There are 2 protein chains.
Amino acid sequence: MEAELQVTFRALSDPTRRAILMHLHQGDMTIGEVTDKFDITRAAIKKHLTILEQGNVISVQVRGRERINHLEPMALQPVSQWINSFSTFWDERLSNLQTVIERNEKNK
Amino acid sequence: MEAELQVTFRALSDPTRRAILMHLHQGDMTIGEVTDKFDITRAAIKKHLTILEQGNVISVQVRGRERINHLEPMALQPVSQWINSFSTFWDERLSNLQTVIERNEKNK
DNA sequence: CCTACATAATACCTTTTGGTATTATGTTTA
DNA sequence: TAAACATAATACCAAAAGGTATTATGTAGG
């Protein structure tokens, strides 16, 4: 459990990797496509993608000679839960969400 | 904004530091008291506390010759918000929380 | 005031991280 | 099948991180 948490936290702890996740949020991308979004070499991007994959934050599908990188947002859940285990914070959030949910109900 | 996110993520990215936060969740502690919970030197603990302080995740109050370390759970909010910005995940969480809130309502 | 003790500061070492460069491998496609 | 192209693998470098050891400093209390 702690081990899982750690690989995920490690994956998220670098600004470049978080930026990659944001890009993948728009849709799946090959290594080359990801590289085009940044000013660093493909090999460096590849290293980041490997760490993201180890953290289960992305999944990779090999298609022909390409590797398609796909965001796995559910992997963020353990991190979110860890954060929410600090109850003071949790209570505060809960009341904020109450408002959000009520607003959603009205729009139905 | 990214800068703030980064210092917080950095603070959380180490297992020892997360364990320190869990201990501080029980109550404020001096450096010595925190050290007693671990098997590493006081100097190493102090370095971790400095990084936690830079991430605004704890605050420090100097009292006489002691430094009282205090948890600041609200600092986790930007990280939580970043995670929730991945909407697939968010939608899933929202419905879970709906359940939690409804249960709370019944207990009032 | 002076001694004991908690924290601070500094120097130093090892490992990890982020990156580049280069070479190899495998897959299309003309 | 050969050439072009995308990814993989390896070696290497510099900087940062995590840690210990040691010395300095400041504060409480007898």
# chains A, B, ... in the order shown; residues from 1 in each chain; ligands from 1
>>> interface_residues(of="chain D", to="chain B", cutoff="9 Å", atoms="only C-alpha atoms (C1' of nucleotides)", output="JSON, numbers by chain")
{"D": [18, 19, 20, 26, 27, 28]}
>>> interface_residues(of="chain C", to="chain B", cutoff="12 Å", atoms="only C-alpha atoms (C1' of nucleotides)", output="ChimeraX atom specification")
/C:5-10
>>> closest_residue(among="A:Gln54, A:Gln61, A:Ser13, A:Thr8", to="chain B", atoms="only C-alpha atoms")
A:Ser13
>>> residues_around(residues="A:Asn69", least_positions_apart="3", cutoff="12 Å", atoms="only C-alpha atoms (C1' of nucleotides)", output="PDB file with C-alpha atoms, in the first residue's frame")
ATOM      1  CA  ILE A  20       2.785  15.459 -19.738  1.00  0.00           C
ATOM      2  CA  LEU A  21      -0.272  14.213 -17.853  1.00  0.00           C
ATOM      3  CA  HIS A  23      -1.342  16.911 -22.370  1.00  0.00           C
ATOM      4  CA  LEU A  24      -2.467  13.281 -22.245  1.00  0.00           C
ATOM      5  CA  HIS A  25      -5.668  14.547 -20.699  1.00  0.00           C
ATOM      6  CA  GLN A  26      -6.475  15.887 -24.173  1.00  0.00           C
ATOM      7  CA  GLY A  27      -6.006  12.453 -25.720  1.00  0.00           C
ATOM      8  CA  ASP A  28      -3.601   9.566 -26.288  1.00  0.00           C
ATOM      9  CA  MET A  29      -0.199  10.364 -27.777  1.00  0.00           C
ATOM     10  CA  THR A  30       2.910   8.591 -29.077  1.00  0.00           C
ATOM     11  CA  ILE A  31       6.324   9.385 -27.595  1.00  0.00           C
ATOM     12  CA  GLY A  32       7.087  11.574 -30.589  1.00  0.00           C
ATOM     13  CA  GLU A  33       3.875  13.551 -30.197  1.00  0.00           C
ATOM     14  CA  VAL A  34       4.579  14.153 -26.523  1.00  0.00           C
ATOM     15  CA  THR A  35       8.119  15.230 -27.370  1.00  0.00           C
ATOM     16  CA  ILE A  45      10.665  12.316 -22.442  1.00  0.00           C
ATOM     17  CA  LYS A  46      10.872   8.544 -22.657  1.00  0.00           C
ATOM     18  CA  HIS A  48       9.613  10.478 -17.775  1.00  0.00           C
ATOM     19  CA  LEU A  49       7.034   8.275 -19.484  1.00  0.00           C
ATOM     20  CA  THR A  50       8.661   5.199 -17.968  1.00  0.00           C
ATOM     21  CA  LEU A  52       4.749   7.634 -15.158  1.00  0.00           C
ATOM     22  CA  GLU A  53       4.093   4.076 -16.294  1.00  0.00           C
ATOM     23  CA  ASN A  56       0.469   3.348 -13.077  1.00  0.00           C
ATOM     24  CA  VAL A  57      -0.576   6.860 -13.959  1.00  0.00           C
ATOM     25  CA  ILE A  58      -0.403   6.042 -17.653  1.00  0.00           C
ATOM     26  CA  SER A  59      -0.734   2.820 -19.613  1.00  0.00           C
ATOM     27  CA  VAL A  60       1.129   2.047 -22.830  1.00  0.00           C
ATOM     28  CA  GLN A  61      -0.221   0.194 -25.827  1.00  0.00           C
ATOM     29  CA  VAL A  62       2.304  -0.900 -28.443  1.00  0.00           C
ATOM     30  CA  ARG A  63       0.836  -0.548 -31.929  1.00  0.00           C
ATOM     31  CA  GLU A  66       4.616   3.100 -32.049  1.00  0.00           C
ATOM     32  CA  GLU A  72      -5.076   6.401 -16.250  1.00  0.00           C
TER      33      GLU A  72
END
>>> closest_atom_pairs(of="chain A", to="chain B", cutoff="7 Å", atoms="only C-alpha atoms", output="JSON lines")
{"residue": "A:Gln6", "atom": "CA", "partner": "B:Pro15", "partner_atom": "CA", "distance": 6.9}
{"residue": "A:Phe9", "atom": "CA", "partner": "B:Ser13", "partner_atom": "CA", "distance": 5.4}
{"residue": "A:Arg10", "atom": "CA", "partner": "B:Ser13", "partner_atom": "CA", "distance": 5.8}
{"residue": "A:Ser13", "atom": "CA", "partner": "B:Phe9", "partner_atom": "CA", "distance": 5.4}
{"residue": "A:Pro15", "atom": "CA", "partner": "B:Gln6", "partner_atom": "CA", "distance": 6.9}
{"residue": "A:Pro73", "atom": "CA", "partner": "B:Phe89", "partner_atom": "CA", "distance": 5.7}
{"residue": "A:Met74", "atom": "CA", "partner": "B:Phe89", "partner_atom": "CA", "distance": 5.8}
{"residue": "A:Leu76", "atom": "CA", "partner": "B:Ile83", "partner_atom": "CA", "distance": 6.8}
{"residue": "A:Ser80", "atom": "CA", "partner": "B:Ser80", "partner_atom": "CA", "distance": 6.4}
{"residue": "A:Ile83", "atom": "CA", "partner": "B:Leu76", "partner_atom": "CA", "distance": 6.8}
{"residue": "A:Phe86", "atom": "CA", "partner": "B:Pro73", "partner_atom": "CA", "distance": 6.6}
{"residue": "A:Thr88", "atom": "CA", "partner": "B:Pro73", "partner_atom": "CA", "distance": 6.9}
{"residue": "A:Phe89", "atom": "CA", "partner": "B:Pro73", "partner_atom": "CA", "distance": 5.7}
>>> atom_distance(atom1="atom CA of A:Lys37", atom2="atom CA of A:Ile68")
15.4 Å
>>> residues_around(residues="C:DA30", least_positions_apart="5", cutoff="12 Å", atoms="only C-alpha atoms (C1' of nucleotides)", output="list in words")
DT1, DA2, DA3 and DA4 of chain D
>>> write_last_selection(atoms="N, CA and C atoms (P, O5', C5', C4', C3', O3' and C1' of nucleotides)", output="short mmCIF file (atom, residue, chain, number, x, y, z; two decimals), in the first residue's frame")
data_model
loop_
_atom_site.label_atom_id
_atom_site.label_comp_id
_atom_site.auth_asym_id
_atom_site.auth_seq_id
_atom_site.Cartn_x
_atom_site.Cartn_y
_atom_site.Cartn_z
P DT D 1 14.10 -10.48 -49.29
"O5'" DT D 1 15.43 -9.81 -49.78
"C5'" DT D 1 15.46 -9.27 -51.13
"C4'" DT D 1 15.75 -7.77 -51.07
"C3'" DT D 1 16.47 -7.33 -49.79
"O3'" DT D 1 17.17 -6.12 -50.09
"C1'" DT D 1 14.45 -6.24 -49.89
P DA D 2 18.70 -5.94 -50.00
"O5'" DA D 2 18.79 -4.36 -50.17
"C5'" DA D 2 17.99 -3.75 -51.20
"C4'" DA D 2 17.57 -2.36 -50.77
"C3'" DA D 2 18.48 -1.69 -49.74
"O3'" DA D 2 18.50 -0.32 -50.03
"C1'" DA D 2 16.33 -1.87 -48.83
P DA D 3 19.56 0.68 -49.39
"O5'" DA D 3 18.64 1.94 -49.06
"C5'" DA D 3 17.49 2.18 -49.89
"C4'" DA D 3 16.53 3.09 -49.15
"C3'" DA D 3 17.19 4.08 -48.21
"O3'" DA D 3 16.46 5.29 -48.28
"C1'" DA D 3 15.76 2.67 -46.96
P DA D 4 16.97 6.60 -47.49
"O5'" DA D 4 15.71 6.85 -46.53
"C5'" DA D 4 14.40 6.62 -47.04
"C4'" DA D 4 13.41 6.65 -45.87
"C3'" DA D 4 13.77 7.69 -44.81
"O3'" DA D 4 12.56 8.30 -44.40
"C1'" DA D 4 13.62 5.55 -43.82
#
>>> closest_residue(among="C:DT3, C:DG19, C:DT14, C:DT25", to="D:DA9", atoms="only C-alpha atoms (C1' of nucleotides)")
C:DT25
>>> atom_distance(atom1="atom C1' of D:DC13", atom2="atom C1' of C:DA24")
21.6 Å
>>> atom_distance(atom1="atom C1' of D:DA8", atom2="atom CA of A:Asp36")
18.8 Å
>>> decode(residues="stretch 15-28 of chain D", atoms="all heavy atoms", output="CSV table (one decimal), in the first residue's frame")
chain,number,residue,atom,x,y,z
D,15,DA,P,26.6,21.2,-12.8
D,15,DA,OP1,26.5,22.6,-13.4
D,15,DA,OP2,27.8,20.8,-12.0
D,15,DA,O5',25.3,20.9,-12.0
D,15,DA,C5',24.1,20.7,-12.7
D,15,DA,C4',23.0,20.2,-11.8
D,15,DA,O4',23.3,18.7,-11.6
D,15,DA,C3',23.0,20.8,-10.4
D,15,DA,O3',21.7,21.0,-10.0
D,15,DA,C2',23.7,19.7,-9.5
D,15,DA,C1',23.3,18.5,-10.2
D,15,DA,N9,24.1,17.3,-10.0
D,15,DA,C8,25.5,17.2,-10.0
D,15,DA,N7,25.9,16.0,-9.8
D,15,DA,C5,24.8,15.2,-9.6
D,15,DA,C6,24.6,13.9,-9.3
D,15,DA,N6,25.6,13.0,-9.1
D,15,DA,N1,23.3,13.4,-9.2
D,15,DA,C2,22.3,14.3,-9.3
D,15,DA,N3,22.4,15.6,-9.6
D,15,DA,C4,23.7,16.0,-9.7
D,16,DA,P,21.3,21.9,-8.8
D,16,DA,OP1,20.4,23.0,-9.3
D,16,DA,OP2,22.5,22.3,-8.0
D,16,DA,O5',20.4,21.0,-7.9
D,16,DA,C5',19.4,20.1,-8.6
D,16,DA,C4',19.1,19.0,-7.7
D,16,DA,O4',20.1,18.0,-7.7
D,16,DA,C3',18.8,19.3,-6.3
D,16,DA,O3',17.6,18.7,-5.9
D,16,DA,C2',20.0,18.8,-5.5
D,16,DA,C1',20.3,17.5,-6.4
D,16,DA,N9,21.7,17.1,-6.3
D,16,DA,C8,22.9,17.8,-6.4
D,16,DA,N7,23.9,17.0,-6.3
D,16,DA,C5,23.5,15.7,-6.1
D,16,DA,C6,24.1,14.5,-6.0
D,16,DA,N6,25.4,14.3,-6.0
D,16,DA,N1,23.3,13.4,-5.8
D,16,DA,C2,22.0,13.6,-5.9
D,16,DA,N3,21.3,14.7,-6.0
D,16,DA,C4,22.1,15.7,-6.1
D,17,DA,P,16.9,19.0,-4.5
D,17,DA,OP1,15.6,19.6,-4.7
D,17,DA,OP2,17.9,19.8,-3.6
D,17,DA,O5',16.8,17.6,-3.9
D,17,DA,C5',16.7,16.4,-4.7
D,17,DA,C4',16.9,15.2,-3.9
D,17,DA,O4',18.3,14.8,-3.9
D,17,DA,C3',16.5,15.3,-2.4
D,17,DA,O3',15.9,14.1,-2.0
D,17,DA,C2',17.8,15.6,-1.7
D,17,DA,C1',18.8,14.7,-2.5
D,17,DA,N9,20.2,15.2,-2.6
D,17,DA,C8,20.6,16.5,-2.7
D,17,DA,N7,21.9,16.6,-2.7
D,17,DA,C5,22.4,15.3,-2.6
D,17,DA,C6,23.7,14.7,-2.6
D,17,DA,N6,24.8,15.5,-2.7
D,17,DA,N1,23.7,13.4,-2.5
D,17,DA,C2,22.6,12.7,-2.5
D,17,DA,N3,21.4,13.1,-2.5
D,17,DA,C4,21.3,14.4,-2.5
D,18,DG,P,15.1,14.1,-0.6
D,18,DG,OP1,13.8,13.5,-0.8
D,18,DG,OP2,15.2,15.4,0.0
D,18,DG,O5',16.0,13.1,0.3
D,18,DG,C5',16.2,11.8,-0.2
D,18,DG,C4',17.3,11.1,0.7
D,18,DG,O4',18.6,11.7,0.4
D,18,DG,C3',17.1,11.4,2.2
D,18,DG,O3',17.1,10.2,2.9
D,18,DG,C2',18.2,12.4,2.6
D,18,DG,C1',19.3,12.0,1.6
D,18,DG,N9,20.2,13.1,1.3
D,18,DG,C8,19.9,14.4,1.1
D,18,DG,N7,21.0,15.1,0.9
D,18,DG,C5,22.0,14.2,0.9
D,18,DG,C6,23.4,14.4,0.8
D,18,DG,O6,24.0,15.5,0.5
D,18,DG,N1,24.1,13.2,0.9
D,18,DG,C2,23.6,12.0,1.1
D,18,DG,N2,24.4,11.0,1.2
D,18,DG,N3,22.3,11.8,1.3
D,18,DG,C4,21.6,12.9,1.2
D,19,DG,P,16.8,10.2,4.5
D,19,DG,OP1,16.1,8.9,4.8
D,19,DG,OP2,16.2,11.5,4.8
D,19,DG,O5',18.2,10.2,5.2
D,19,DG,C5',19.0,9.0,5.0
D,19,DG,C4',20.4,9.3,5.2
D,19,DG,O4',20.9,10.4,4.4
D,19,DG,C3',20.8,9.8,6.6
D,19,DG,O3',21.1,8.7,7.5
D,19,DG,C2',22.1,10.6,6.4
D,19,DG,C1',22.1,10.9,4.9
D,19,DG,N9,22.2,12.3,4.6
D,19,DG,C8,21.3,13.2,4.4
D,19,DG,N7,21.7,14.4,4.2
D,19,DG,C5,23.1,14.3,4.2
D,19,DG,C6,24.1,15.2,4.0
D,19,DG,O6,24.0,16.4,3.7
D,19,DG,N1,25.4,14.6,4.1
D,19,DG,C2,25.6,13.3,4.4
D,19,DG,N2,26.9,12.9,4.4
D,19,DG,N3,24.7,12.4,4.6
D,19,DG,C4,23.4,13.0,4.4
D,20,DT,P,21.4,9.0,9.1
D,20,DT,OP1,21.2,7.7,9.8
D,20,DT,OP2,20.7,10.2,9.5
D,20,DT,O5',22.9,9.3,9.0
D,20,DT,C5',23.8,8.4,8.5
D,20,DT,C4',25.3,8.9,8.7
D,20,DT,O4',25.5,10.1,7.9
D,20,DT,C3',25.6,9.2,10.1
D,20,DT,O3',26.8,8.5,10.5
D,20,DT,C2',25.7,10.7,10.2
D,20,DT,C1',26.1,11.1,8.8
D,20,DT,N1,25.5,12.4,8.3
D,20,DT,C2,26.4,13.4,8.0
D,20,DT,O2,27.6,13.2,8.0
D,20,DT,N3,25.8,14.6,7.6
D,20,DT,C4,24.5,14.8,7.6
D,20,DT,O4,24.1,15.9,7.2
D,20,DT,C5,23.6,13.7,8.0
D,20,DT,C7,22.1,13.9,8.0
D,20,DT,C6,24.2,12.6,8.3
D,21,DA,P,27.4,8.6,12.0
D,21,DA,OP1,28.1,7.3,12.2
D,21,DA,OP2,26.3,9.0,12.9
D,21,DA,O5',28.4,9.8,12.0
D,21,DA,C5',29.2,10.0,10.8
D,21,DA,C4',30.2,11.1,11.1
D,21,DA,O4',29.6,12.4,10.5
D,21,DA,C3',30.5,11.4,12.5
D,21,DA,O3',31.9,11.8,12.6
D,21,DA,C2',29.6,12.6,12.9
D,21,DA,C1',29.5,13.3,11.5
D,21,DA,N9,28.3,14.1,11.3
D,21,DA,C8,27.0,13.7,11.6
D,21,DA,N7,26.1,14.6,11.3
D,21,DA,C5,26.8,15.6,10.8
D,21,DA,C6,26.4,16.9,10.3
D,21,DA,N6,25.1,17.3,10.2
D,21,DA,N1,27.4,17.7,9.9
D,21,DA,C2,28.6,17.3,9.9
D,21,DA,N3,29.1,16.2,10.4
D,21,DA,C4,28.1,15.4,10.8
D,22,DT,P,32.6,12.0,14.0
D,22,DT,OP1,33.9,11.5,14.0
D,22,DT,OP2,31.6,11.6,15.1
D,22,DT,O5',32.7,13.6,14.0
D,22,DT,C5',33.0,14.3,12.8
D,22,DT,C4',32.9,15.8,13.0
D,22,DT,O4',31.6,16.2,12.7
D,22,DT,C3',33.2,16.3,14.4
D,22,DT,O3',34.1,17.4,14.3
D,22,DT,C2',31.9,16.7,15.0
D,22,DT,C1',31.2,17.2,13.7
D,22,DT,N1,29.7,17.2,13.7
D,22,DT,C2,29.0,18.3,13.2
D,22,DT,O2,29.6,19.2,12.6
D,22,DT,N3,27.7,18.2,13.2
D,22,DT,C4,26.9,17.2,13.8
D,22,DT,O4,25.7,17.3,13.8
D,22,DT,C5,27.7,16.1,14.4
D,22,DT,C7,26.9,15.0,15.0
D,22,DT,C6,29.0,16.2,14.3
D,23,DT,P,34.9,17.9,15.6
D,23,DT,OP1,36.3,17.9,15.4
D,23,DT,OP2,34.4,17.3,16.9
D,23,DT,O5',34.4,19.5,15.7
D,23,DT,C5',34.4,20.2,14.4
D,23,DT,C4',33.4,21.4,14.6
D,23,DT,O4',32.1,20.9,14.5
D,23,DT,C3',33.6,22.2,15.8
D,23,DT,O3',33.7,23.6,15.5
D,23,DT,C2',32.3,21.9,16.6
D,23,DT,C1',31.3,21.7,15.5
D,23,DT,N1,30.1,20.9,15.8
D,23,DT,C2,28.9,21.4,15.5
D,23,DT,O2,28.8,22.5,14.9
D,23,DT,N3,27.8,20.7,15.8
D,23,DT,C4,27.8,19.4,16.5
D,23,DT,O4,26.8,18.9,16.8
D,23,DT,C5,29.1,19.0,16.9
D,23,DT,C7,29.3,17.7,17.6
D,23,DT,C6,30.2,19.7,16.5
D,24,DA,P,33.9,24.7,16.6
D,24,DA,OP1,34.9,25.6,16.1
D,24,DA,OP2,34.1,24.0,17.9
D,24,DA,O5',32.5,25.4,16.6
D,24,DA,C5',32.0,25.9,15.3
D,24,DA,C4',30.7,26.6,15.5
D,24,DA,O4',29.7,25.5,15.8
D,24,DA,C3',30.6,27.6,16.6
D,24,DA,O3',29.8,28.7,16.1
D,24,DA,C2',29.9,26.9,17.7
D,24,DA,C1',28.9,26.0,16.9
D,24,DA,N9,28.5,24.7,17.6
D,24,DA,C8,29.2,23.7,18.1
D,24,DA,N7,28.5,22.7,18.6
D,24,DA,C5,27.2,23.1,18.4
D,24,DA,C6,26.0,22.5,18.7
D,24,DA,N6,25.9,21.3,19.3
D,24,DA,N1,24.9,23.1,18.3
D,24,DA,C2,25.0,24.3,17.7
D,24,DA,N3,26.1,25.0,17.4
D,24,DA,C4,27.2,24.3,17.8
D,25,DT,P,29.9,30.1,16.9
D,25,DT,OP1,30.0,31.1,15.9
D,25,DT,OP2,30.8,30.0,18.1
D,25,DT,O5',28.4,30.1,17.5
D,25,DT,C5',27.3,29.9,16.6
D,25,DT,C4',26.0,29.7,17.4
D,25,DT,O4',26.0,28.4,17.9
D,25,DT,C3',25.8,30.7,18.5
D,25,DT,O3',24.6,31.3,18.4
D,25,DT,C2',26.0,29.8,19.8
D,25,DT,C1',25.4,28.5,19.2
D,25,DT,N1,25.7,27.3,20.0
D,25,DT,C2,24.7,26.4,20.3
D,25,DT,O2,23.5,26.7,20.0
D,25,DT,N3,25.0,25.3,21.0
D,25,DT,C4,26.3,24.9,21.3
D,25,DT,O4,26.5,23.9,21.9
D,25,DT,C5,27.4,25.9,21.0
D,25,DT,C7,28.8,25.6,21.3
D,25,DT,C6,27.0,27.0,20.3
D,26,DG,P,24.3,32.8,19.0
D,26,DG,OP1,23.9,33.7,17.9
D,26,DG,OP2,25.3,33.1,20.0
D,26,DG,O5',22.9,32.5,19.8
D,26,DG,C5',21.9,31.6,19.3
D,26,DG,C4',21.1,30.9,20.3
D,26,DG,O4',21.9,29.8,20.9
D,26,DG,C3',20.9,31.8,21.6
D,26,DG,O3',19.6,31.4,22.1
D,26,DG,C2',21.9,31.4,22.6
D,26,DG,C1',21.9,29.9,22.3
D,26,DG,N9,23.1,29.1,22.7
D,26,DG,C8,24.4,29.4,22.7
D,26,DG,N7,25.2,28.5,23.2
D,26,DG,C5,24.3,27.5,23.6
D,26,DG,C6,24.5,26.3,24.2
D,26,DG,O6,25.6,25.8,24.5
D,26,DG,N1,23.3,25.6,24.4
D,26,DG,C2,22.1,26.0,24.1
D,26,DG,N2,21.1,25.2,24.4
D,26,DG,N3,21.8,27.2,23.5
D,26,DG,C4,23.0,27.9,23.3
D,27,DT,P,18.5,32.6,22.5
D,27,DT,OP1,17.6,32.9,21.4
D,27,DT,OP2,19.3,33.7,23.2
D,27,DT,O5',17.7,31.8,23.6
D,27,DT,C5',17.3,30.4,23.3
D,27,DT,C4',17.3,29.6,24.5
D,27,DT,O4',18.6,29.0,24.8
D,27,DT,C3',16.9,30.3,25.8
D,27,DT,O3',15.9,29.5,26.4
D,27,DT,C2',18.2,30.4,26.6
D,27,DT,C1',18.8,29.1,26.2
D,27,DT,N1,20.3,28.9,26.4
D,27,DT,C2,20.8,27.7,26.9
D,27,DT,O2,20.1,26.8,27.2
D,27,DT,N3,22.1,27.7,27.0
D,27,DT,C4,23.0,28.7,26.7
D,27,DT,O4,24.2,28.5,26.9
D,27,DT,C5,22.5,29.9,26.2
D,27,DT,C7,23.3,31.1,25.9
D,27,DT,C6,21.1,30.0,26.1
D,28,DA,P,14.7,30.1,27.4
D,28,DA,OP1,13.4,29.8,26.8
D,28,DA,OP2,15.1,31.5,27.7
D,28,DA,O5',14.9,29.2,28.6
D,28,DA,C5',15.3,27.9,28.3
D,28,DA,C4',15.4,26.9,29.3
D,28,DA,O4',16.8,26.6,29.4
D,28,DA,C3',14.9,27.1,30.7
D,28,DA,O3',14.5,25.8,31.1
D,28,DA,C2',16.1,27.7,31.4
D,28,DA,C1',17.3,27.0,30.7
D,28,DA,N9,18.4,27.9,30.5
D,28,DA,C8,18.5,29.2,30.0
D,28,DA,N7,19.7,29.7,29.9
D,28,DA,C5,20.5,28.6,30.3
D,28,DA,C6,21.9,28.5,30.4
D,28,DA,N6,22.8,29.5,30.1
D,28,DA,N1,22.4,27.3,30.9
D,28,DA,C2,21.5,26.3,31.2
D,28,DA,N3,20.2,26.3,31.1
D,28,DA,C4,19.7,27.5,30.7
